[in-house]
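A.B. asks: Quick one: the structure is below, questions incoming.
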Amino acid sequence: MAAVEDATAAAVRIQRTLAQRRRREAELAALFDTAGDLAALRNLDSVLRAIVHRARTLLGADLSYIALQDPEAGDTFMRVTDGSVSAKFQQLRLGMGEGLGGLVAETALPYASTDYRVDSRFNHTERIDAAVTEEGVHGIVGVPMRVGEQVIGVLFAADRAPRGFAPDDIAMLVSLANHAAVAIESVRQLEEARQALRERSRAAETSARLNGALRRAADAHDRLTGLVLSGGDVADLAAQTAELFAGPIGIYDAEGAELARAGEGAVRFVAEGVDGSQACRGAVLAGDLWVCAVMAGPEPLGSIVLGGRPGLGEADRQLFERASLVTALLLLLRRSVADAEDRVRGELLDDLLTDAGRRRSGASSLRLRAGKLGIDLHRPHAVFVLDCDTAAGPRTASEAKRHARSEGGLAGGRDGRPVLLLPAGEPGERAAKLAAAFGRIAGQPVTVGASAAVDDPERLPEAYAEAVRCAEAMLTLGRRGEGACMEQLGFIGVLLGESGTDAFVRRTIGPLLDYDDRRGTDLVGTLEAYYAAGGHLAKTKGALNVHINTVSQRLDRVAAVLGRDWNSPARSLEVQLALRVHRLSGAGR
C-alpha cells in the first residue's frame with residue numbers, strides 16, 4: 001500500500017508538472033506569436049486584438065480587454081475588447097483611482113479580485129458598477145502597460161463567475177501587457193517618424209515652391225525694373241505684366257482714365273476695388289478682377305487691374321502687388337519728366353507771349369528751344385485762354401499741360417489763367433471743343449477764347465492779347481462755358497473786348513426795356529423785326545403777324561419812349577448795336 005501511495009503521489013506530481021509545462025509552452029508560444037506580430041507590425045488594432053484574444057485563451061477567461069490612458073481627459077478608455085457583449089461596458093471610461101482599472105492606472109501595480117462586485121478595496125462608482133453588472137463580470141485581474149516609468153494603459157482578464165487568479169496567471173498577463181506596451185510605443189514612434197517624414201516632405205515641397213516663386217519674382221522684378229530703366233512706357237509695362245500673368249492687364253490713372261491695356265480679355269477700372277486696395281495696402285479681388293492701387297506713399301497715382309485670374313495664388317498675388325510698385329515707379333518717373341518738360345514748355349510759352357521775354361531770349365534762341373520740343377513756330381498756331389472758377393484752376397491747368405504735350409503744343413499760366421499754344425487751322429472750332437472737353441474734366445463751365453492762327457512768332461504777343469479779349473468778351477456776353485474766336489464774335493466781340501455792355505445798353509435802349517417790363521409789351525422785339533426787315537412796314541407786319549396799323553402804333557410808342565430821333569442814321573446805328581448786344585447777352589438770350 002505504501003508503494004502504491006508513493007507511485008500515486010509520483011504520478012500526480014508528474015501530471016502536474018506536465019500540465020505546467022504544457023501551459024508554459026502555450027504561454028511561450030503565445031509570447032513568441034505576439035513577438036512575431038510586433039516584428040511584422042502593420043496595424044496596431046490587429047496586434048492589440050491578438051494580444052487580448054491570447055490573454056483570454058491562455059487564462060481561460062470569459063473576456064479580456066485593454067484600456068488606454070487619455071492624457072487630455074485624464075482618464076482611461078476601452079480600446080480593444082474580446083468576449084464582451086455589453087455596449088455600456090465597451091464604452092466605459094475609468095477615472096484615475098476609480099474601480100480596479102483606475103487603481104492599476106494610478107498606482108502602476110497589478111490588482112486582482114475574486115469577485116469585484118463585493119470587493120471593498122476598490123472605489124466603486126455607479127457608472128462602473130452598472131457596466132460591470134450589465135456585462136456580468138465577477139472575477140477581474142488587471143496589470144499595467146508601462147513604457148519606462150509611464151503607465152499608458154491596463155490589460156484585463158475577467159470571468160463572469162467568481163474566480164481567483166494565480167500568480168502564474170498574473171505573470172503571464174504582465175508579459176502580454178509588456179508586449180502590448182511595446183506595440184503601442186512602436187506604433188507611436190513609427191507614426192512620429194512618418195509624421196516627421198511627411199513634414200520634411202511638405203517642407204521640401206514648400207521650400208521648392210518658395211524658391212520657384214522667389215526666382216519667378218526676382219525674374220519678374222528684373223524684367224519690369226529693367227523695362228522702366230531702359231525707358232519703356234506704360235504700354236510696354238502693361239504688355240510685360242500681361243505676359244507674366246497670362247491674362248489681360250489694364251493700367252489707369254488716379255481719375256480712372258485708361259493709360260494702357262494689354263492681353264486678351266476684358267478689364268475695366270473698378271473704383272470700389274481701388275478704395276479697398278488703398279485701405280488694405282494690397283491687391284483685392286473685385287468681382288472677377290484683381291485690383292491693386294498704385295501709390296506713392298499716401299498719394300494715389302492710379303491702379304492696375306488683372307483679369308482672367310480669379311484664383312490668384314499667394315505668390316502670384318504678391319507678384320501682382322510688386323508689379324503695382326513698378327508701375328508707381330514708372331508713373332513717378334513719367335511725372336518727374338513731365339513736370340520738368342512742363343516747366344521748360346511754360347518758360348518757352350511765357351517768353352513767346354511777352355515782348356520782354358522775346359527781347360531777353362532772342363528770336364533765334366526761341367526757335368531753337370521750340371525745335372528741341374518738336375514745335376515748328378512757322379506753322380500756324382493759335383493762342384487759347386481758358387477761364388474757370390478758382391477751385392477748378394489747378395485741375396484745369398494740369399489737364400492743359402497734358403493736352404499740350406499730346407497735341408505738340410505749349411501750356412502755361414498767364415495772369416491767373418491757363419494758356420495753350422496749339423497748332424490750329426480753325427481756332428474757333430477748336431476753342432469750342434476745348435471748352436466742352438475741359439468743362440467735363442473740371443466738372444464746371446470752362447470758357448475758352450481763341451486768337452486767329454498766326455505763322456509768325458513775332459505776332460504771338462498780339463495773338464495772346466486777342467485771345468484774352470475774346471475770352472473777356474464771351475464772359476461779358478454771358479457765354480460762360482463756351483469757346484469761340486474773335487472772328488466768330490465779329491464787331492460785337494471787338495467792342496466787348498474793350499469794355500462792358502451794361503452801361504451802353506442802358507444808355508441806348510434802357511427806357512424801352514423798362515417800358516416792356518412795366519407794361520408786358522414787346523417793343524424791343526418789334527424794333528428788332530423792323531430793323532431786320534430793312535425798315536419796311538409791310539415786311540415787319542408779316543414777320544410779326546399783326547396788322548400794319550399795329551406796327552405803326554408800336555413804332556410811335558418807341559418814338560415816344562426813345563425820342564423822335566431814334567431812327568436817324570446816327571442814332572439808328574447805336575440802337576441796332578444795343579439791340580444786338582442785348583440779344584447776344586445772357587439777358588437777351
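Every chain in the C-alpha cells has a letter given in the order shown (A, B, ...), and although residue numbers restart at 1 in each chain, ligands are simply numbered from 1 in the order shown.
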Where in region 392-422 of chain A does DSSP assign alpha helix (DSSP H), given as a list in words?
C.D. replies: Gly393, Pro394, Arg395, Thr396, Ala397, Ser398, Glu399, Ala400, Lys401, Arg402, His403, Ala404, Arg405, Ser406 and Glu407 of chain A
A.B. asks: Skipping near chain neighbours, those fewer than 3 positions away, what residues fall within 12 Å of Ala157 (chain A) using only C-alpha atoms, listed as a ChimeraX atom specification?
C.D. replies: /A:51-67,81-84,100-101,110-114,137-143,154,160,163-165,169-170,172-174,176-177
A.B. asks: Any chance you could list, as a list in words, the residues in region 220-333 of chain A that come up strand (DSSP E) when DSSP is run on the backbone?
C.D. replies: Ile249, Gly250, Ile251, Tyr252, Asp253, Glu258, Leu259, Ala260, Arg261, Ala262, Val284, Leu285, Ala286, Leu289, Trp290, Val291, Cys292, Ala293, Val294, Met295, Ala296, Glu299, Pro300, Leu301, Gly302, Ser303, Ile304, Val305 and Leu306 of chain A
A.B. asks: What's the 6 Å shell around Pro248 (chain A), counting only C-alpha atoms, without same-chain residues fewer than 5 positions away, as a ChimeraX atom specification?
C.D. replies: /A:242,262-265,306-307
A.B. asks: For a test of reading the model, state the distance in Å between CA of Arg194 (chain A) and CA of Arg209 (chain A), rounded to one decimal.
C.D. replies: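 CA of Arg209 (chain A) lies at a distance of 22.0 Å from CA of Arg194 (chain A).
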A.B. asks: Which residues, written as a count of residues only, have at least one atom at most 12 Å from region 268-283 of chain A, with only C-alpha atoms counted and residues fewer than 6 positions away on the same chain left out?
C.D. replies: 48
A.B. asks: Mind pulling up the distance from CA of Ala171 (chain A) to CA of Asn123 (chain A)?
C.D. replies: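 Answer for the CA of Asn123 (chain A) to CA of Ala171 (chain A) separation: 24.5 Å.
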A.B. asks: I'd like the neighbourhood of Arg557 (chain A) as a list of chain:residue names, where a residue qualifies if any of its atoms comes within 12 Å (using only C-alpha atoms), though same-chain residues fewer than 5 positions away should be ignored.
C.D. replies: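 Residues near the query, excluding close chain neighbours: A:Pro511, A:Leu512, A:Tyr515, A:Asp516, A:Arg519, A:Thr521, A:Asp522, A:Leu523, A:Val524, A:Thr526, A:Leu527, A:Thr550, A:Val551, A:Ser552, A:Leu562, A:Gly563, A:Arg564, A:Trp566.
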A.B. asks: So, counting only C-alpha atoms, which residue among A:Val448, A:Leu577, A:Ala108, A:Val12 is closest to Ala435 (chain A)?
C.D. replies: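 Going through A:Val448, A:Leu577, A:Ala108, A:Val12 one by one, the smallest distance to Ala435 (chain A) is for A:Val448.
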